[in-house]
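This is structure-v2.pdb (PDB, C-alpha atoms).
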ATOM      1  CA  MET A   2     -47.912  35.528 -35.671
ATOM      2  CA  LYS A   3     -46.177  32.957 -33.420
ATOM      3  CA  THR A   4     -43.631  34.053 -30.846
ATOM      4  CA  ARG A   5     -40.669  31.788 -30.341
ATOM      5  CA  LYS A   6     -40.121  31.023 -26.636
ATOM      6  CA  GLY A   7     -37.039  28.758 -26.519
ATOM      7  CA  PHE A   8     -34.222  27.112 -28.330
ATOM      8  CA  THR A   9     -34.536  24.282 -30.750
ATOM      9  CA  LEU A  10     -32.800  20.985 -30.111
ATOM     10  CA  ILE A  11     -30.300  21.714 -32.903
ATOM     11  CA  GLU A  12     -29.366  25.066 -31.377
ATOM     12  CA  LEU A  13     -28.784  23.475 -27.973
ATOM     13  CA  LEU A  14     -26.631  20.705 -29.459
ATOM     14  CA  VAL A  15     -24.491  23.238 -31.354
ATOM     15  CA  VAL A  16     -23.906  25.297 -28.194
ATOM     16  CA  ILE A  17     -23.033  22.181 -26.173
ATOM     17  CA  ALA A  18     -20.591  21.042 -28.891
ATOM     18  CA  ILE A  19     -18.877  24.447 -28.935
ATOM     19  CA  ILE A  20     -18.545  24.470 -25.145
ATOM     20  CA  GLY A  21     -17.143  20.914 -25.200
ATOM     21  CA  LEU A  22     -14.583  21.831 -27.860
ATOM     22  CA  LEU A  23     -13.445  24.914 -25.952
ATOM     23  CA  SER A  24     -13.115  23.014 -22.672
ATOM     24  CA  THR A  25     -11.074  20.270 -24.389
ATOM     25  CA  LEU A  26      -8.689  22.852 -25.822
ATOM     26  CA  ALA A  27      -8.336  24.487 -22.398
ATOM     27  CA  VAL A  28      -7.495  21.164 -20.699
ATOM     28  CA  VAL A  29      -4.874  20.306 -23.344
ATOM     29  CA  ALA A  30      -3.255  23.735 -22.982
ATOM     30  CA  LEU A  31      -3.268  23.433 -19.180
ATOM     31  CA  ASN A  32      -1.570  20.013 -19.235
ATOM     32  CA  SER A  33       1.090  21.313 -21.616
ATOM     33  CA  ALA A  34       1.716  24.308 -19.363
ATOM     34  CA  ARG A  35       2.073  22.041 -16.312
ATOM     35  CA  GLN A  36       4.562  19.831 -18.139
ATOM     36  CA  LYS A  37       6.637  22.849 -19.182
ATOM     37  CA  ALA A  38       6.540  24.221 -15.637
ATOM     38  CA  ARG A  39       7.840  20.916 -14.188
ATOM     39  CA  ASP A  40      10.641  20.799 -16.772
ATOM     40  CA  SER A  41      11.583  24.432 -16.087
ATOM     41  CA  LYS A  42      11.806  23.625 -12.385
ATOM     42  CA  ARG A  43      14.047  20.635 -13.119
ATOM     43  CA  VAL A  44      16.457  22.775 -15.164
ATOM     44  CA  SER A  45      16.430  25.449 -12.443
ATOM     45  CA  ASP A  46      17.104  22.798  -9.790
ATOM     46  CA  MET A  47      20.161  21.618 -11.734
ATOM     47  CA  LYS A  48      21.575  25.161 -11.783
ATOM     48  CA  GLN A  49      21.101  25.450  -8.003
ATOM     49  CA  LEU A  50      22.719  22.067  -7.372
ATOM     50  CA  GLN A  51      25.640  22.915  -9.656
ATOM     51  CA  THR A  52      26.220  26.211  -7.860
ATOM     52  CA  ALA A  53      26.187  24.536  -4.430
ATOM     53  CA  LEU A  54      28.584  21.832  -5.649
ATOM     54  CA  GLU A  55      30.989  24.436  -7.058
ATOM     55  CA  ILE A  56      31.043  26.268  -3.722
ATOM     56  CA  TYR A  57      31.683  22.924  -1.970
ATOM     57  CA  PHE A  58      34.513  22.189  -4.438
ATOM     58  CA  ASN A  59      36.097  25.596  -3.834
ATOM     59  CA  ASP A  60      36.160  24.921  -0.086
ATOM     60  CA  LYS A  61      37.119  21.220  -0.126
ATOM     61  CA  GLY A  62      39.121  20.743  -3.331
ATOM     62  CA  ALA A  63      36.825  17.854  -4.322
ATOM     63  CA  TYR A  64      33.151  17.370  -5.058
ATOM     64  CA  ALA A  65      30.826  15.939  -2.438
ATOM     65  CA  PRO A  66      30.981  12.150  -2.007
ATOM     66  CA  GLU A  67      27.897  10.246  -3.047
ATOM     67  CA  SER A  68      25.820   8.610  -0.376
ATOM     68  CA  GLY A  69      23.619   5.505  -0.507
ATOM     69  CA  ASP A  70      21.995   5.050  -3.900
ATOM     70  CA  GLY A  71      22.948   8.603  -4.863
ATOM     71  CA  GLU A  72      19.395   9.858  -4.621
ATOM     72  CA  ILE A  73      19.144  13.496  -3.577
ATOM     73  CA  GLY A  74      16.265  15.767  -2.753
ATOM     74  CA  ASN A  75      14.157  13.213  -0.914
ATOM     75  CA  PRO A  76      14.877  13.332   2.816
ATOM     76  CA  THR A  77      12.936  10.140   3.572
ATOM     77  CA  ASN A  78      15.147   7.744   1.636
ATOM     78  CA  GLY A  79      17.575  10.057  -0.133
ATOM     79  CA  GLN A  80      19.723  12.964   0.966
ATOM     80  CA  GLY A  81      18.179  16.261   2.015
ATOM     81  CA  CYS A  82      21.069  18.747   2.272
ATOM     82  CA  LEU A  83      24.623  19.414   1.169
ATOM     83  CA  GLY A  84      26.722  20.062   4.251
ATOM     84  CA  ASP A  85      30.320  19.858   5.399
ATOM     85  CA  LEU A  86      30.321  16.051   5.124
ATOM     86  CA  GLY A  87      28.717  15.995   1.658
ATOM     87  CA  TRP A  88      25.177  14.789   0.986
ATOM     88  CA  GLU A  89      23.474  14.362   4.329
ATOM     89  CA  LEU A  90      20.052  13.916   5.846
ATOM     90  CA  ASP A  91      18.342  17.254   6.310
ATOM     91  CA  THR A  92      17.903  16.601  10.030
ATOM     92  CA  SER A  93      21.641  16.338  10.679
ATOM     93  CA  CYS A  94      23.370  18.598   8.178
ATOM     94  CA  ALA A  95      26.865  19.599   9.383
ATOM     95  CA  ALA A  96      27.986  23.219   9.153
ATOM     96  CA  PRO A  97      28.920  24.858   6.942
ATOM     97  CA  ILE A  98      25.769  24.138   4.979
ATOM     98  CA  TYR A  99      26.135  24.594   1.232
ATOM     99  CA  MET A 100      22.510  23.822   0.417
ATOM    100  CA  GLY A 101      20.057  23.577   3.283
ATOM    101  CA  LEU A 102      17.345  21.641   1.491
ATOM    102  CA  THR A 103      18.141  20.024  -1.817
ATOM    103  CA  PRO A 104      15.398  20.218  -4.419
ATOM    104  CA  ARG A 105      13.506  17.157  -5.531
ATOM    105  CA  ASP A 106      11.810  16.277  -8.781
ATOM    106  CA  PRO A 107       8.454  18.084  -9.022
ATOM    107  CA  SER A 108       6.548  14.965 -10.098
ATOM    108  CA  ASN A 109       4.127  13.378  -7.647
ATOM    109  CA  THR A 110       5.957  10.071  -7.260
ATOM    110  CA  ALA A 111       9.166  11.726  -6.082
ATOM    111  CA  SER A 112       7.389  12.833  -2.909
ATOM    112  CA  ASN A 113       6.076   9.325  -2.238
ATOM    113  CA  PRO A 114       8.908   7.259  -0.710
ATOM    114  CA  GLY A 115       8.923   3.596  -1.583
ATOM    115  CA  SER A 116       7.629   4.072  -5.130
ATOM    116  CA  ASP A 117      10.432   6.277  -6.405
ATOM    117  CA  ASN A 118      13.901   5.592  -7.752
ATOM    118  CA  PRO A 119      16.989   7.567  -8.672
ATOM    119  CA  CYS A 120      16.917   8.686 -12.297
ATOM    120  CA  GLU A 121      19.890   6.582 -13.317
ATOM    121  CA  THR A 122      17.988   3.363 -12.559
ATOM    122  CA  GLU A 123      14.450   4.404 -13.439
ATOM    123  CA  GLY A 124      13.246   3.628 -16.950
ATOM    124  CA  ALA A 125      10.681   6.408 -17.228
ATOM    125  CA  LEU A 126       9.284   9.426 -15.461
ATOM    126  CA  PRO A 127       9.019  10.221 -12.662
ATOM    127  CA  CYS A 128      12.274   9.739 -10.804
ATOM    128  CA  ASN A 129      14.342  11.531  -8.196
ATOM    129  CA  TYR A 130      17.559  13.342  -9.026
ATOM    130  CA  SER A 131      20.606  11.139  -8.564
ATOM    131  CA  TYR A 132      24.222  12.118  -8.003
ATOM    132  CA  ASP A 133      27.489  10.362  -8.818
ATOM    133  CA  GLN A 134      30.922  11.607  -7.813
ATOM    134  CA  ILE A 135      33.382  10.731 -10.578
ATOM    135  CA  ASN A 136      37.056  10.998 -11.353
ATOM    136  CA  VAL A 137      37.813  12.889 -14.558
ATOM    137  CA  GLY A 138      41.183  12.122 -16.085
ATOM    138  CA  THR A 139      43.856  11.580 -13.438
ATOM    139  CA  GLY A 140      42.106  13.632 -10.754
ATOM    140  CA  THR A 141      40.329  12.325  -7.705
ATOM    141  CA  ALA A 142      36.719  13.379  -7.071
ATOM    142  CA  ASN A 143      37.109  16.186  -9.573
ATOM    143  CA  GLY A 144      33.831  15.572 -11.365
ATOM    144  CA  TYR A 145      30.195  14.719 -10.813
ATOM    145  CA  GLU A 146      27.038  13.794 -12.658
ATOM    146  CA  ILE A 147      23.476  14.593 -11.647
ATOM    147  CA  HIS A 148      20.900  12.571 -13.568
ATOM    148  CA  PHE A 149      17.433  13.979 -14.217
ATOM    149  CA  ARG A 150      14.624  13.428 -16.709
ATOM    150  CA  LEU A 151      12.682  15.949 -18.758
ATOM    151  CA  GLU A 152       9.179  15.326 -20.060
ATOM    152  CA  ALA A 153       9.683  17.399 -23.234
ATOM    153  CA  ASN A 154      12.415  19.286 -25.065
ATOM    154  CA  THR A 155      13.272  22.258 -22.864
ATOM    155  CA  GLY A 156      15.854  25.007 -23.241
ATOM    156  CA  GLY A 157      18.047  23.123 -25.694
ATOM    157  CA  LEU A 158      17.804  19.864 -23.718
ATOM    158  CA  ASN A 159      15.998  16.830 -25.103
ATOM    159  CA  SER A 160      13.252  14.929 -23.358
ATOM    160  CA  GLY A 161      14.306  11.874 -21.375
ATOM    161  CA  LEU A 162      17.484  11.319 -19.353
ATOM    162  CA  ASN A 163      19.787  14.332 -19.069
ATOM    163  CA  CYS A 164      22.953  15.017 -17.146
ATOM    164  CA  ALA A 165      24.350  17.994 -15.243
ATOM    165  CA  THR A 166      28.120  17.945 -14.735
ATOM    166  CA  GLU A 167      30.887  20.301 -13.647
ATOM    167  CA  ALA A 168      31.163  21.229 -17.347
ATOM    168  CA  GLY A 169      27.474  22.163 -17.721
ATOM    169  CA  THR A 170      24.161  20.536 -18.525
ATOM    170  CA  GLY A 171      23.760  18.215 -21.471
ATOM    171  CA  GLY A 172      22.037  15.263 -22.960
ATOM    172  CA  SER A 173      23.915  12.213 -21.799
ATOM    173  CA  CYS A 174      26.073  11.111 -18.908
ATOM    174  CA  SER A 175      29.394   9.396 -19.537
ATOM    175  CA  HIS A 176      28.967   6.991 -16.588
TER     176      HIS A 176
END

Can you present the structure in this file as structure tokens?
Amino acid sequence: MKTRKGFTLIELLVVIAIIGLLSTLAVVALNSARQKARDSKRVSDMKQLQTALEIYFNDKGAYAPESGDGEIGNPTNGQGCLGDLGWELDTSCAAPIYMGLTPRDPSNTASNPGSDNPCETEGALPCNYSYDQINVGTGTANGYEIHFRLEANTGGLNSGLNCATEAGTGGSCSH
């Protein structure tokens, strides 16, 4: 009677195929989870920015003026904090400080100055958050828009360009 001392080629190929299939499924699930995490952070960032802007409005009677290209959350070429004078560089934020360090888009490009753009001018992901002070109705500086992009449908918001305003967060900006 012969004793079998190893695996056949077919058995090895089946095991390798199963391992390959499982690792592919794991990578796909991981990428989806990363995408959802980035989008969740973007929505959370909008809530924080809206809260800081409402506190600023309560103190000043107007929303913060926009600065430069309106890009926020990137201290190198955008604005890093929300202080007494509005959007300012994080190194010179005037007291009182409403938001010490503004959040930036969690994508890799947003942390690489020179290859990023504000969301209102960028055609696709990634892009930095951008802010516009607007006049609603007959008021002066009584509104704002923060543009941001989502990679997938998240929390009732569609993928692509979205807008956070004094009225809430929604799909499209009016300006």

- Query: Which residue out of A:Ser93, A:Ser175, A:Gln36, A:Thr170 has the minimum interatomic distance to A:Ile135 when all atoms listed in the file are used?
  - Reply: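 Of A:Ser93, A:Ser175, A:Gln36, A:Thr170, the one nearest A:Ile135, counting all atoms listed in the file, is A:Ser175.
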
- Expressed in Å to a single decimal, how great is the separation between atom CA of A:Thr92 and atom CA of A:Gly69? 16.3 Å

- Determine the residue set returned by the PyMOL selection byres ((chain A and resi 153) around 10) for the present structure, and present it as a list in words.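 Evaluating the PyMOL selection byres ((chain A and resi 153) around 10) on these coordinates yields Ser33, Gln36, Lys37, Arg39, Asp40, Arg150, Leu151, Glu152, Asn154, Thr155, Gly156, Leu158, Asn159, Ser160 and Gly161 of chain A.
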
Written file, previous selection with C-alpha atoms, as a compact mmCIF listing (two decimals), in the coordinates of the input:
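result07.txt, written as the output of this step:
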# COMPACT_ATOMS: atom_id res chain seq x y z
CA SER A 33 1.09 21.31 -21.62
CA GLN A 36 4.56 19.83 -18.14
CA LYS A 37 6.64 22.85 -19.18
CA ARG A 39 7.84 20.92 -14.19
CA ASP A 40 10.64 20.80 -16.77
CA ARG A 150 14.62 13.43 -16.71
CA LEU A 151 12.68 15.95 -18.76
CA GLU A 152 9.18 15.33 -20.06
CA ASN A 154 12.42 19.29 -25.06
CA THR A 155 13.27 22.26 -22.86
CA GLY A 156 15.85 25.01 -23.24
CA LEU A 158 17.80 19.86 -23.72
CA ASN A 159 16.00 16.83 -25.10
CA SER A 160 13.25 14.93 -23.36
CA GLY A 161 14.31 11.87 -21.38

So that I can see what lies close to A:Gln51, please list as a PDB file with C-alpha atoms, in the coordinates of the input the residues with an atom at most 8 Å from it, counting only C-alpha atoms and leaving out residues fewer than 5 positions away in the same chain.
ATOM      1  CA  ALA A 165      24.350  17.994 -15.243  1.00  0.00           C
ATOM      2  CA  THR A 166      28.120  17.945 -14.735  1.00  0.00           C
ATOM      3  CA  GLU A 167      30.887  20.301 -13.647  1.00  0.00           C
TER       4      GLU A 167
END

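The list of residues with at least one atom within 12 Å of A:Gly62, based on all atoms listed in the file and without residues fewer than 3 positions apart in the same chain, reads Leu54, Glu55, Ile56, Tyr57, Phe58, Asn59, Ala65, Pro66, Gly140, Thr141, Ala142, Asn143 and Gly144 of chain A.
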
- Query: Of the candidates A:Tyr99, A:Phe8, A:Tyr145, A:Tyr64, which shows the shortest atom-to-atom distance to A:Tyr132, using all atoms listed in the file?
  - Reply: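 The answer is A:Tyr145, which sits nearest to A:Tyr132.
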
- Task: Have a look at atom CA of A:Ala63 and atom CA of A:Met100 and let me know their distance in Å, one decimal.
- Result: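 Those two atoms sit 16.2 Å apart.
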
- Choose the residue, out of A:Thr9, A:Thr25, A:Asn136, A:Thr103, that has the smallest atom-to-atom separation from A:Leu50; count all atoms listed in the file.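 Using all atoms listed in the file, the shortest distance to A:Leu50 belongs to A:Thr103.
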